[in-house]
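Chemist: Dropping in data.cif, with mmCIF, C-alpha atoms.
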```cif
data_target
#
loop_
_atom_site.label_atom_id
_atom_site.label_comp_id
_atom_site.auth_asym_id
_atom_site.auth_seq_id
_atom_site.Cartn_x
_atom_site.Cartn_y
_atom_site.Cartn_z
CA MET A 255 -40.70 194.96 64.05
CA ASN A 256 -43.05 193.11 66.35
CA PHE A 257 -45.94 195.05 64.83
CA TYR A 258 -45.06 193.97 61.28
CA LEU A 259 -44.57 190.37 62.36
CA ASN A 260 -47.96 190.42 64.05
CA LEU A 261 -49.60 191.90 60.94
CA PHE A 262 -47.93 189.25 58.78
CA LEU A 263 -49.10 186.42 61.06
CA ILE A 264 -52.72 187.67 61.11
CA PHE A 265 -52.96 187.54 57.33
CA LEU A 266 -50.94 184.34 57.09
CA LYS A 267 -53.52 182.71 59.35
CA VAL A 268 -56.42 184.05 57.26
CA GLY A 269 -54.75 182.85 54.04
CA ALA A 270 -53.97 179.41 55.41
CA PHE A 271 -57.22 178.49 57.08
CA THR A 272 -60.02 179.94 54.95
CA LEU A 273 -61.49 177.60 52.37
CA GLY A 274 -63.74 178.67 49.53
CA GLY A 275 -62.19 181.80 48.07
CA GLY A 276 -62.09 185.52 48.76
CA TYR A 277 -65.65 186.16 49.91
CA ALA A 278 -65.29 183.51 52.61
CA MET A 279 -62.21 185.37 53.88
CA ILE A 280 -63.89 188.70 54.55
CA PRO A 281 -65.65 187.72 57.81
CA VAL A 282 -62.44 186.02 59.00
CA ILE A 283 -60.36 189.13 58.25
CA GLN A 284 -63.02 191.20 60.02
CA ARG A 285 -62.89 189.03 63.14
CA GLU A 286 -59.09 189.21 63.29
CA VAL A 287 -58.54 192.86 62.40
CA VAL A 288 -61.61 194.50 63.94
CA HIS A 289 -62.51 192.32 66.93
CA ASN A 290 -59.45 190.36 68.05
CA HIS A 291 -56.66 192.86 67.35
CA LYS A 292 -58.68 196.10 67.22
CA LEU A 293 -56.52 197.58 64.46
CA ILE A 294 -59.43 199.08 62.49
CA ASP A 295 -62.94 200.07 63.59
CA ALA A 296 -66.05 198.42 62.18
CA ASP A 297 -67.20 201.33 59.96
CA GLU A 298 -63.78 201.78 58.42
CA PHE A 299 -63.69 198.06 57.71
CA LEU A 300 -66.97 198.25 55.75
CA ASP A 301 -65.55 201.11 53.65
CA ILE A 302 -62.39 199.11 52.99
CA ILE A 303 -64.42 196.11 51.81
CA ALA A 304 -66.63 198.27 49.57
CA VAL A 305 -63.57 199.75 47.83
CA SER A 306 -61.77 196.38 47.65
CA GLN A 307 -64.81 194.93 45.96
CA SER A 308 -64.99 197.65 43.36
CA LEU A 309 -61.31 197.51 42.34
CA PRO A 310 -60.21 194.69 40.02
CA GLY A 311 -58.39 191.69 41.45
CA ALA A 312 -59.02 189.21 44.24
CA ILE A 313 -61.10 190.86 46.96
CA ALA A 314 -59.13 189.22 49.78
CA VAL A 315 -55.86 190.47 48.31
CA ASN A 316 -57.26 193.97 47.76
CA SER A 317 -58.54 194.25 51.31
CA ALA A 318 -55.30 192.84 52.77
CA VAL A 319 -53.24 195.40 50.82
CA PHE A 320 -55.63 198.20 51.79
CA ILE A 321 -55.53 197.32 55.50
CA GLY A 322 -51.73 196.99 55.48
CA TYR A 323 -51.37 200.31 53.63
CA LYS A 324 -53.72 202.09 56.00
CA LEU A 325 -51.92 200.82 59.09
CA ALA A 326 -48.29 201.07 58.00
CA GLY A 327 -47.88 202.47 54.47
CA ILE A 328 -46.19 200.60 51.62
CA ILE A 329 -44.22 198.32 53.96
CA GLY A 330 -47.42 197.42 55.80
CA SER A 331 -49.16 196.58 52.53
CA LEU A 332 -46.25 194.38 51.41
CA VAL A 333 -46.36 192.55 54.74
CA THR A 334 -50.12 191.83 54.57
CA LEU A 335 -49.88 190.91 50.87
CA LEU A 336 -47.14 188.38 51.56
CA GLY A 337 -49.11 186.99 54.49
CA ILE A 338 -52.30 186.41 52.50
CA VAL A 339 -50.57 184.99 49.39
CA LEU A 340 -47.88 182.76 50.90
CA PRO A 341 -50.20 179.95 52.11
CA SER A 342 -51.83 179.71 48.65
CA LEU A 343 -48.45 179.49 46.95
CA VAL A 344 -47.17 176.73 49.22
CA VAL A 345 -50.40 174.72 49.33
CA ILE A 346 -51.14 174.95 45.60
CA ILE A 347 -47.60 174.06 44.51
CA THR A 348 -47.79 171.00 46.78
CA VAL A 349 -51.23 170.09 45.42
CA ALA A 350 -50.04 170.61 41.82
CA ILE A 351 -47.09 168.25 42.31
CA PHE A 352 -49.44 165.69 43.85
CA TYR A 353 -52.04 166.20 41.06
CA ASN A 354 -49.42 165.45 38.40
CA GLU A 355 -48.62 162.18 40.18
CA ILE A 356 -52.18 160.94 40.63
CA LYS A 357 -54.14 162.42 37.70
CA GLY A 358 -53.58 159.26 35.59
CA LEU A 359 -55.35 157.02 38.13
CA LYS A 360 -58.78 155.76 37.02
CA VAL A 361 -60.42 156.67 40.31
CA VAL A 362 -59.07 160.25 40.16
CA GLN A 363 -60.33 160.63 36.60
CA ALA A 364 -63.76 159.38 37.67
CA PHE A 365 -63.71 161.81 40.60
CA PHE A 366 -63.05 164.78 38.32
CA GLN A 367 -65.56 163.54 35.77
CA GLY A 368 -68.13 163.86 38.55
CA VAL A 369 -66.77 167.22 39.75
CA ARG A 370 -66.82 169.00 36.37
CA PRO A 371 -70.63 169.12 35.97
CA ALA A 372 -70.86 170.27 39.59
CA ILE A 373 -68.49 173.18 38.92
CA VAL A 374 -70.60 174.24 35.94
CA ALA A 375 -73.73 174.02 38.11
CA LEU A 376 -72.09 176.11 40.87
CA ILE A 377 -71.14 178.77 38.34
CA ALA A 378 -74.63 178.77 36.81
CA ALA A 379 -76.18 179.10 40.28
CA THR A 380 -73.80 181.97 41.06
CA VAL A 381 -74.90 183.72 37.86
CA VAL A 382 -78.54 183.38 38.98
CA LYS A 383 -77.68 184.78 42.42
CA LEU A 384 -75.71 187.66 40.84
CA THR A 385 -78.68 188.69 38.71
CA TYR A 386 -80.72 189.13 41.92
CA SER A 387 -78.11 191.61 43.15
CA ILE A 388 -78.46 194.14 40.33
CA PRO A 389 -81.42 196.48 39.68
CA LYS A 390 -84.05 195.16 37.27
CA LYS A 391 -83.61 197.71 34.49
CA TYR A 392 -83.67 197.35 30.71
CA ILE A 393 -80.15 198.75 30.52
CA ASN A 394 -78.81 195.95 32.75
CA PHE A 395 -80.62 193.31 30.72
CA PHE A 396 -79.16 194.89 27.59
CA ILE A 397 -75.58 194.88 28.96
CA ILE A 398 -75.85 191.24 30.12
CA THR A 399 -77.06 190.18 26.67
CA LEU A 400 -74.45 192.30 24.92
CA SER A 401 -71.52 190.86 26.89
CA PHE A 402 -72.83 187.30 26.59
CA VAL A 403 -73.25 187.57 22.81
CA GLY A 404 -69.91 189.38 22.51
CA ILE A 405 -68.07 186.42 24.03
CA ALA A 406 -70.18 183.42 23.05
CA LEU A 407 -70.94 184.35 19.44
CA LEU A 408 -68.66 187.18 18.34
CA ASP A 409 -65.49 186.03 20.16
CA ILE A 410 -64.60 189.53 21.38
CA HIS A 411 -61.92 189.76 24.09
CA PRO A 412 -63.42 190.00 27.62
CA ILE A 413 -61.27 193.08 28.40
CA VAL A 414 -62.77 194.95 25.43
CA ILE A 415 -66.27 194.06 26.64
CA ILE A 416 -65.57 195.20 30.21
CA ILE A 417 -64.21 198.57 29.03
CA ALA A 418 -67.13 199.06 26.60
CA CYS A 419 -69.71 198.27 29.29
CA ALA A 420 -67.99 200.58 31.78
CA LEU A 421 -68.35 203.36 29.19
CA ILE A 422 -72.02 202.50 28.61
CA GLY A 423 -72.59 202.66 32.37
CA LEU A 424 -70.78 206.00 32.55
CA ILE A 425 -72.80 207.53 29.68
CA PHE A 426 -76.09 206.27 31.10
CA SER A 427 -75.39 207.49 34.63
CA ARG A 428 -74.65 210.97 33.30
CA LYS A 429 -77.82 210.88 31.24
CA GLU A 430 -79.88 209.81 34.26
CA ASP A 431 -78.16 212.48 36.28
CA SER A 432 -79.05 215.23 33.81
CA ASP A 433 -82.62 213.86 33.56
CA GLU A 434 -83.03 214.50 37.24
CA LEU A 435 -82.17 218.18 36.91
CA PRO A 436 -85.16 220.54 36.99
CA MET B 33 -39.62 184.45 27.63
CA ASN B 34 -42.27 182.06 28.88
CA TYR B 35 -41.91 183.55 32.37
CA LEU B 36 -42.43 187.07 31.07
CA ASN B 37 -45.43 185.89 29.08
CA LEU B 38 -46.95 184.18 32.14
CA PHE B 39 -46.42 187.34 34.14
CA LEU B 40 -48.03 189.57 31.50
CA VAL B 41 -51.01 187.28 30.93
CA PHE B 42 -51.77 187.10 34.65
CA PHE B 43 -51.17 190.82 35.05
CA ARG B 44 -53.91 191.42 32.47
CA ILE B 45 -56.18 188.92 34.20
CA GLY B 46 -55.56 190.57 37.59
CA ALA B 47 -56.23 194.03 36.17
CA PHE B 48 -59.58 193.13 34.59
CA THR B 49 -61.13 190.72 37.09
CA PHE B 50 -64.04 192.60 38.62
CA GLY B 51 -66.10 190.90 41.31
CA GLY B 52 -64.29 187.84 42.63
CA GLY B 53 -62.85 184.54 41.44
CA TYR B 54 -65.62 183.49 39.06
CA ALA B 55 -65.15 186.69 37.08
CA MET B 56 -61.67 185.41 36.14
CA LEU B 57 -63.12 182.46 34.26
CA PRO B 58 -63.77 184.13 30.90
CA LEU B 59 -60.33 185.78 30.99
CA ILE B 60 -58.49 182.58 31.93
CA GLU B 61 -60.41 180.64 29.32
CA ARG B 62 -59.49 183.17 26.68
CA GLU B 63 -55.84 183.79 27.57
CA ILE B 64 -54.76 180.43 29.02
CA VAL B 65 -56.85 177.88 27.13
CA SER B 66 -57.54 179.46 23.70
CA VAL B 67 -54.60 181.79 23.04
CA ASN B 68 -51.62 180.25 24.86
CA GLN B 69 -52.92 176.68 25.19
CA TRP B 70 -51.19 176.15 28.52
CA LEU B 71 -54.15 174.02 29.61
CA SER B 72 -56.91 172.00 27.97
CA GLN B 73 -60.54 172.96 28.63
CA SER B 74 -61.08 170.04 31.05
CA GLU B 75 -57.76 170.64 32.90
CA PHE B 76 -58.89 174.23 33.32
CA ILE B 77 -62.12 173.09 35.00
CA ASP B 78 -60.22 170.62 37.21
CA ILE B 79 -57.81 173.35 38.30
CA PHE B 80 -60.72 175.59 39.10
CA ALA B 81 -62.26 172.82 41.23
CA ILE B 82 -58.95 172.27 43.06
CA SER B 83 -58.53 176.03 43.57
CA GLN B 84 -61.93 176.19 45.15
CA MET B 85 -61.20 173.30 47.51
CA SER B 86 -57.87 174.77 48.65
CA PRO B 87 -57.37 177.58 51.16
CA GLY B 88 -56.80 181.05 49.75
CA PRO B 89 -58.37 183.29 47.12
CA ILE B 90 -59.39 181.36 43.98
CA ALA B 91 -57.65 183.89 41.73
CA ILE B 92 -54.30 183.34 43.45
CA ASN B 93 -54.75 179.57 43.57
CA ALA B 94 -55.58 179.38 39.87
CA ALA B 95 -52.60 181.59 38.93
CA THR B 96 -50.20 179.52 41.04
CA PHE B 97 -51.52 176.25 39.61
CA VAL B 98 -51.42 177.36 35.97
CA GLY B 99 -47.95 178.88 36.41
CA PHE B 100 -46.65 175.68 37.99
CA ARG B 101 -48.20 173.46 35.31
CA SER B 102 -46.69 175.64 32.61
CA SER B 103 -43.15 176.24 34.00
CA GLY B 104 -42.61 174.77 37.46
CA VAL B 105 -42.01 176.76 40.66
CA PRO B 106 -40.61 179.88 38.90
CA GLY B 107 -43.70 179.82 36.67
CA ALA B 108 -45.94 179.68 39.74
CA LEU B 109 -44.12 182.69 41.22
CA PHE B 110 -44.28 184.76 38.02
CA ALA B 111 -47.99 184.04 37.44
CA THR B 112 -48.91 184.79 41.06
CA PHE B 113 -46.82 187.97 41.10
CA GLY B 114 -48.56 189.01 37.87
CA VAL B 115 -52.06 188.50 39.20
CA ILE B 116 -51.46 190.38 42.48
CA LEU B 117 -49.44 193.31 41.11
CA PRO B 118 -52.46 195.21 39.68
CA SER B 119 -54.19 194.88 43.07
CA PHE B 120 -51.12 196.23 44.82
CA ILE B 121 -50.67 199.17 42.45
CA LEU B 122 -54.37 200.09 42.30
CA VAL B 123 -55.07 199.78 46.03
CA THR B 124 -52.04 201.78 47.10
CA SER B 125 -52.69 204.50 44.50
CA LEU B 126 -56.46 204.69 43.97
CA ALA B 127 -58.13 203.28 47.08
CA LYS B 128 -58.09 206.53 49.08
CA MET B 129 -59.39 208.49 46.10
CA ILE B 130 -62.28 206.08 45.57
CA LEU B 131 -63.08 206.10 49.28
CA ASN B 132 -63.25 209.90 49.26
CA ASN B 133 -65.38 209.96 46.09
CA LYS B 134 -67.53 206.93 46.67
CA ASP B 135 -70.67 208.93 45.96
CA SER B 136 -69.35 210.23 42.63
CA VAL B 137 -71.77 209.72 39.72
CA TYR B 138 -68.90 208.75 37.42
CA ILE B 139 -67.55 205.98 39.65
CA LYS B 140 -71.06 204.68 40.30
CA GLY B 141 -71.81 204.77 36.57
CA ILE B 142 -68.69 202.80 35.66
CA PHE B 143 -69.56 200.05 38.13
CA ALA B 144 -73.22 200.10 37.11
CA GLY B 145 -71.96 199.15 33.64
CA ILE B 146 -69.36 196.61 34.73
CA ARG B 147 -71.57 194.59 37.10
CA PRO B 148 -74.07 193.33 34.50
CA ALA B 149 -71.21 192.85 32.00
CA VAL B 150 -69.51 190.45 34.42
CA ILE B 151 -72.74 188.44 34.66
CA GLY B 152 -72.87 188.11 30.86
CA LEU B 153 -69.19 187.14 30.70
CA ILE B 154 -69.51 184.46 33.39
CA SER B 155 -72.64 183.07 31.68
CA ALA B 156 -70.72 182.74 28.40
CA ALA B 157 -67.83 180.95 30.17
CA CYS B 158 -70.36 178.73 31.91
CA LEU B 159 -71.90 177.74 28.58
CA SER B 160 -68.60 176.70 27.02
CA MET B 161 -67.64 174.83 30.23
CA PHE B 162 -71.00 173.07 30.09
CA GLN B 163 -70.23 171.72 26.62
CA ILE B 164 -66.97 170.18 27.89
CA SER B 165 -68.17 168.99 31.31
CA VAL B 166 -71.60 167.54 30.77
CA VAL B 167 -70.83 164.77 28.30
CA ASP B 168 -73.56 162.24 29.19
CA TYR B 169 -76.85 161.97 31.09
CA LYS B 170 -75.01 161.14 34.36
CA GLY B 171 -73.16 164.45 34.14
CA GLY B 172 -76.46 166.17 33.36
CA ILE B 173 -78.02 164.69 36.49
CA ILE B 174 -75.07 165.75 38.67
CA ALA B 175 -75.27 169.28 37.27
CA ILE B 176 -79.03 169.59 37.85
CA VAL B 177 -78.87 168.16 41.39
CA VAL B 178 -75.96 170.42 42.42
CA PHE B 179 -77.62 173.47 40.84
CA ILE B 180 -80.89 172.94 42.71
CA ILE B 181 -79.19 172.21 46.05
CA PHE B 182 -76.93 175.26 45.77
CA ILE B 183 -79.83 177.59 44.87
CA ARG B 184 -82.19 176.26 47.55
CA VAL B 185 -79.98 175.31 50.51
CA LYS B 186 -77.25 177.26 52.28
CA VAL B 187 -74.39 174.80 51.80
CA HIS B 188 -70.67 175.30 51.29
CA PRO B 189 -69.55 174.73 47.66
CA ILE B 190 -66.74 172.44 48.87
CA ILE B 191 -69.31 169.97 50.25
CA LEU B 192 -71.04 169.87 46.87
CA ILE B 193 -67.75 169.47 44.98
CA LEU B 194 -66.67 166.54 47.18
CA PHE B 195 -70.16 165.01 46.99
CA SER B 196 -70.17 165.11 43.19
CA GLY B 197 -66.61 163.77 43.07
CA PHE B 198 -67.62 160.71 45.07
CA LEU B 199 -70.70 160.40 42.90
CA GLY B 200 -68.32 160.42 39.91
CA VAL B 201 -66.21 157.63 41.43
CA PHE B 202 -69.41 155.63 42.00
CA LEU B 203 -70.87 156.29 38.52
CA TYR B 204 -67.80 156.21 36.29
CA SER B 205 -65.34 153.64 37.68
#
```
Would you write the structure of this file as structure tokens?
Modeler:
Amino acid sequence: MNFYLNLFLIFLKVGAFTLGGGYAMIPVIQREVVHNHKLIDADEFLDIIAVSQSLPGAIAVNSAVFIGYKLAGIIGSLVTLLGIVLPSLVVIITVAIFYNEIKGLKVVQAFFQGVRPAIVALIAATVVKLTYSIPKKYINFFIITLSFVGIALLDIHPIVIIIACALIGLIFSRKEDSDELP
Amino acid sequence: MNYLNLFLVFFRIGAFTFGGGYAMLPLIEREIVSVNQWLSQSEFIDIFAISQMSPGPIAINAATFVGFRSSGVPGALFATFGVILPSFILVTSLAKMILNNKDSVYIKGIFAGIRPAVIGLISAACLSMFQISVVDYKGGIIAIVVFIIFIRVKVHPIILILFSGFLGVFLYS
């Protein structure tokens, strides 16, 4: 029981005190789980993050569930999931109530009028940084263009585009693989 | 009925968000703003800003906020449960398999296709958000300044969001 409570508190702390989204949480989870509590070793942690990143969903949630599952099965994963999600739920509901009260104020409207262009700029900068992280190949340029045009001009559902591009990636990797054969 | 709908919409969003909070944007825009009209375009951007300034994963924050705005506390619970359920199911069922086959050509190929697709999707969402957010030259200046700072300097996004908010108060009120 003490073990589960401890696991819950570790992830509750990570969920409550990390600002800036999932990627900011990874080093904090690492410090708690690998260094402070020594529940998982460093190599295993890297594998867990790699898999959590590749599965859909929030990376912090994926890695919390994975760590909980690895340490204590389904119950462990429920405990870590609850720990990481609970602070968000409580904080955001409080903020949402507050937002409804104050959103009519002139100063709040001016604040968000200033914030909106900044959010767009942050997203645009993230796009630029993401393009650095993928190999410079024609196929990648083609997929980026295809998915952009699919949404912006053709109004295709994002899920359809993701599945189609996954298939393109699959076909191309097999082609490259067979090209390498003697 | 609305609860079930919230749950299903966020379940879909959770199941197809690859690569972090920003990758949710095109899906939220499509499902929440265009199809269900639970939020306006500018509310959606505000919620995203608030989600980023609050502790916790942006995906969870956005789901909780949208659910609450749409149907109060039960709505927040249904939306959040929806967005985390795919993670829970996939991690507990597939994670070990992926870990054991992480060098598989098929798995690598799938992600080699998805990664650039996500970049295209986020760019498209960014473009439509730009049309709503940057309404005058002041907004254009804020966007350019924040973009350059964020590319050049290692600075936390929250600092830039607060900075531009105060700039907004100064410029617009």
Chemist: Given the file above and the PyMOL selection byres ((chain B and resi 205) around 9), which residues are selected, and can you give them as JSON, numbers by chain?
Modeler: {"A": [360, 361, 363, 364, 365], "B": [200, 201, 202, 203, 204]}
Chemist: Would you kindly translate the PyMOL selection byres ((chain B and resi 145) around 10) into the concrete residues it picks from this file, as a compact mmCIF listing (two decimals) with C-alpha atoms, keeping the file's coordinate frame?
Modeler:
```txt
# COMPACT_ATOMS: atom_id res chain seq x y z
CA ILE A 393 -80.15 198.75 30.52
CA ASN A 394 -78.81 195.95 32.75
CA ILE A 397 -75.58 194.88 28.96
CA ILE A 398 -75.85 191.24 30.12
CA ILE A 416 -65.57 195.20 30.21
CA ILE A 417 -64.21 198.57 29.03
CA ALA A 418 -67.13 199.06 26.60
CA CYS A 419 -69.71 198.27 29.29
CA ALA A 420 -67.99 200.58 31.78
CA LEU A 421 -68.35 203.36 29.19
CA ILE A 422 -72.02 202.50 28.61
CA GLY A 423 -72.59 202.66 32.37
CA LEU A 424 -70.78 206.00 32.55
CA ILE A 425 -72.80 207.53 29.68
CA PHE A 426 -76.09 206.27 31.10
CA SER A 427 -75.39 207.49 34.63
CA LYS B 140 -71.06 204.68 40.30
CA GLY B 141 -71.81 204.77 36.57
CA ILE B 142 -68.69 202.80 35.66
CA PHE B 143 -69.56 200.05 38.13
CA ALA B 144 -73.22 200.10 37.11
CA ILE B 146 -69.36 196.61 34.73
CA ARG B 147 -71.57 194.59 37.10
CA PRO B 148 -74.07 193.33 34.50
CA ALA B 149 -71.21 192.85 32.00
CA VAL B 150 -69.51 190.45 34.42
```
Chemist: Can you list what the PyMOL selection byres ((chain B and resi 164) around 9) grabs from this structure, as a ChimeraX atom specification?
Modeler: /A:370-371 /B:73-74,160-163,165-167
Chemist: Which residue is closest to chain B? Choose from A:Ser317, A:Asn260, A:Ser401, A:Asn354 and count only C-alpha atoms.
Modeler: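 Selected residue with least distance to chain B: A:Ser401.
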Chemist: Counting all atoms listed in the file, what are the residues of segment 286-391 of chain A within 7 Å of segment 104-123 of chain B, and for each of them which pair of atoms is the nearest and at what distance in Å, to one decimal? Sort the table by chain and rising number, as JSON lines.
Modeler:
```
{"residue": "A:Pro310", "atom": "CA", "partner": "B:Ser119", "partner_atom": "CA", "distance": 6.8}
{"residue": "A:Gly311", "atom": "CA", "partner": "B:Ser119", "partner_atom": "CA", "distance": 5.5}
{"residue": "A:Asn316", "atom": "CA", "partner": "B:Ser119", "partner_atom": "CA", "distance": 5.7}
{"residue": "A:Val319", "atom": "CA", "partner": "B:Phe120", "partner_atom": "CA", "distance": 6.4}
{"residue": "A:Phe320", "atom": "CA", "partner": "B:Val123", "partner_atom": "CA", "distance": 6.0}
```
Chemist: Taking into account all atoms listed in the file, which residue in the set A:Ile321, A:Val287, A:Val381, A:Leu343 is nearest to Asp301 of chain A?
Modeler: A:Ile321
Chemist: Select, from A:Leu266, A:Val333, A:Leu261, A:Leu309, the residue with the minimum atom-to-atom distance to chain B, counting all atoms listed in the file.
Modeler: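 The shortest atom-to-atom distance to chain B comes from A:Leu309.
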Chemist: Of the candidates A:Ala378, A:Val288, A:Leu293, A:Val414, which shows the shortest atom-to-atom distance to chain B, using only C-alpha atoms?
Modeler: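 The closest residue to chain B is A:Ala378.
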Chemist: Select, from A:Leu273, A:Ile347, A:Val305, A:Ile283, the residue with the minimum atom-to-atom distance to Asn132 of chain B, counting only C-alpha atoms.
Modeler: A:Val305
Chemist: For the atom pair atom CA of Tyr35 of chain B and atom CA of Ser103 of chain B, what is the interatomic distance in Å to one decimal place?
Modeler: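 Result for atom CA of Tyr35 of chain B versus atom CA of Ser103 of chain B: 7.6 Å, one decimal.
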Chemist: Could you tell me, as a PyMOL selection string, which residues have any atom at most 10 Å from (-61.1, 190.0, 47.1), counting all atoms listed in the file?
Modeler: (chain A and resi 275-280+303+306-318) or (chain B and resi 50-53+89-91+119)
Chemist: If I take atom CA of Val369 of chain A and atom CA of Ser196 of chain B, how far is one from the other in Å, to one decimal?
Modeler: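 Computed distance, atom CA of Val369 of chain A to atom CA of Ser196 of chain B, equals 5.3 Å.
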Chemist: Env of Phe265 of chain A: 7 Å cut, atoms = all atoms listed in the file, seq-sep filter 3 positions within chain, self excluded. Answer as a PyMOL selection string.
Modeler: chain A and resi 261-262+268-269+334+337-338
Chemist: Of the residues B:Ala95, B:Ala47, B:Leu40, B:Ile60, which is the one nearest to chain A, using all atoms listed in the file?
Modeler: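 Comparing B:Ala95, B:Ala47, B:Leu40, B:Ile60 against chain A, the winner is B:Ala47.
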Chemist: Would you mind listing what lies within 8 Å of Gly322 of chain A as number ranges by chain, with all atoms listed in the file counted and same-chain residues fewer than 5 positions away left out?
Modeler: A: 261, 327-335
Chemist: Please extract segment 84-105 of chain B and write it out with N, CA and C atoms, as a PDB file, in the first residue's frame.
Modeler:
```pdb
ATOM      1  N   GLN B  84      -0.825  26.206 -21.741  1.00  0.00           N
ATOM      2  CA  GLN B  84       0.623  26.197 -21.758  1.00  0.00           C
ATOM      3  C   GLN B  84       1.215  26.863 -20.506  1.00  0.00           C
ATOM      4  N   MET B  85       0.440  27.798 -19.926  1.00  0.00           N
ATOM      5  CA  MET B  85       0.927  28.486 -18.731  1.00  0.00           C
ATOM      6  C   MET B  85       0.600  27.733 -17.447  1.00  0.00           C
ATOM      7  N   SER B  86      -0.202  26.665 -17.546  1.00  0.00           N
ATOM      8  CA  SER B  86      -0.601  25.917 -16.351  1.00  0.00           C
ATOM      9  C   SER B  86       0.245  24.656 -16.226  1.00  0.00           C
ATOM     10  N   PRO B  87       0.395  24.143 -14.988  1.00  0.00           N
ATOM     11  CA  PRO B  87       1.143  22.897 -14.856  1.00  0.00           C
ATOM     12  C   PRO B  87       0.414  21.740 -15.527  1.00  0.00           C
ATOM     13  N   GLY B  88       1.171  20.752 -15.969  1.00  0.00           N
ATOM     14  CA  GLY B  88       0.558  19.563 -16.557  1.00  0.00           C
ATOM     15  C   GLY B  88       0.716  19.521 -18.060  1.00  0.00           C
ATOM     16  N   PRO B  89       0.479  18.321 -18.645  1.00  0.00           N
ATOM     17  CA  PRO B  89       0.588  18.186 -20.102  1.00  0.00           C
ATOM     18  C   PRO B  89      -0.458  19.056 -20.793  1.00  0.00           C
ATOM     19  N   ILE B  90      -0.076  19.700 -21.905  1.00  0.00           N
ATOM     20  CA  ILE B  90      -0.972  20.609 -22.615  1.00  0.00           C
ATOM     21  C   ILE B  90      -2.212  19.866 -23.118  1.00  0.00           C
ATOM     22  N   ALA B  91      -2.031  18.635 -23.565  1.00  0.00           N
ATOM     23  CA  ALA B  91      -3.157  17.850 -24.072  1.00  0.00           C
ATOM     24  C   ALA B  91      -4.236  17.672 -22.998  1.00  0.00           C
ATOM     25  N   ILE B  92      -3.805  17.346 -21.785  1.00  0.00           N
ATOM     26  CA  ILE B  92      -4.756  17.138 -20.689  1.00  0.00           C
ATOM     27  C   ILE B  92      -5.415  18.471 -20.319  1.00  0.00           C
ATOM     28  N   ASN B  93      -4.585  19.513 -20.210  1.00  0.00           N
ATOM     29  CA  ASN B  93      -5.118  20.825 -19.851  1.00  0.00           C
ATOM     30  C   ASN B  93      -6.173  21.295 -20.839  1.00  0.00           C
ATOM     31  N   ALA B  94      -5.869  21.141 -22.128  1.00  0.00           N
ATOM     32  CA  ALA B  94      -6.808  21.591 -23.157  1.00  0.00           C
ATOM     33  C   ALA B  94      -8.105  20.784 -23.083  1.00  0.00           C
ATOM     34  N   ALA B  95      -7.998  19.463 -22.891  1.00  0.00           N
ATOM     35  CA  ALA B  95      -9.199  18.624 -22.799  1.00  0.00           C
ATOM     36  C   ALA B  95     -10.052  19.038 -21.606  1.00  0.00           C
ATOM     37  N   THR B  96      -9.412  19.231 -20.454  1.00  0.00           N
ATOM     38  CA  THR B  96     -10.151  19.611 -19.251  1.00  0.00           C
ATOM     39  C   THR B  96     -10.867  20.947 -19.456  1.00  0.00           C
ATOM     40  N   PHE B  97     -10.136  21.906 -20.041  1.00  0.00           N
ATOM     41  CA  PHE B  97     -10.697  23.244 -20.242  1.00  0.00           C
ATOM     42  C   PHE B  97     -11.890  23.207 -21.206  1.00  0.00           C
ATOM     43  N   VAL B  98     -11.703  22.550 -22.348  1.00  0.00           N
ATOM     44  CA  VAL B  98     -12.787  22.477 -23.336  1.00  0.00           C
ATOM     45  C   VAL B  98     -13.995  21.749 -22.750  1.00  0.00           C
ATOM     46  N   GLY B  99     -13.750  20.635 -22.056  1.00  0.00           N
ATOM     47  CA  GLY B  99     -14.845  19.881 -21.440  1.00  0.00           C
ATOM     48  C   GLY B  99     -15.605  20.723 -20.441  1.00  0.00           C
ATOM     49  N   PHE B 100     -14.878  21.483 -19.621  1.00  0.00           N
ATOM     50  CA  PHE B 100     -15.513  22.338 -18.618  1.00  0.00           C
ATOM     51  C   PHE B 100     -16.322  23.441 -19.287  1.00  0.00           C
ATOM     52  N   ARG B 101     -15.746  24.095 -20.299  1.00  0.00           N
ATOM     53  CA  ARG B 101     -16.450  25.165 -21.001  1.00  0.00           C
ATOM     54  C   ARG B 101     -17.734  24.630 -21.645  1.00  0.00           C
ATOM     55  N   SER B 102     -17.665  23.402 -22.140  1.00  0.00           N
ATOM     56  CA  SER B 102     -18.811  22.849 -22.839  1.00  0.00           C
ATOM     57  C   SER B 102     -19.882  22.322 -21.873  1.00  0.00           C
ATOM     58  N   SER B 103     -19.506  21.604 -20.815  1.00  0.00           N
ATOM     59  CA  SER B 103     -20.519  21.018 -19.922  1.00  0.00           C
ATOM     60  C   SER B 103     -20.079  20.900 -18.459  1.00  0.00           C
ATOM     61  N   GLY B 104     -19.420  21.908 -17.947  1.00  0.00           N
ATOM     62  CA  GLY B 104     -19.103  21.926 -16.519  1.00  0.00           C
ATOM     63  C   GLY B 104     -18.138  20.841 -16.066  1.00  0.00           C
ATOM     64  N   VAL B 105     -18.127  20.550 -14.759  1.00  0.00           N
ATOM     65  CA  VAL B 105     -17.170  19.583 -14.209  1.00  0.00           C
ATOM     66  C   VAL B 105     -17.334  18.185 -14.815  1.00  0.00           C
TER      67      VAL B 105
END
```
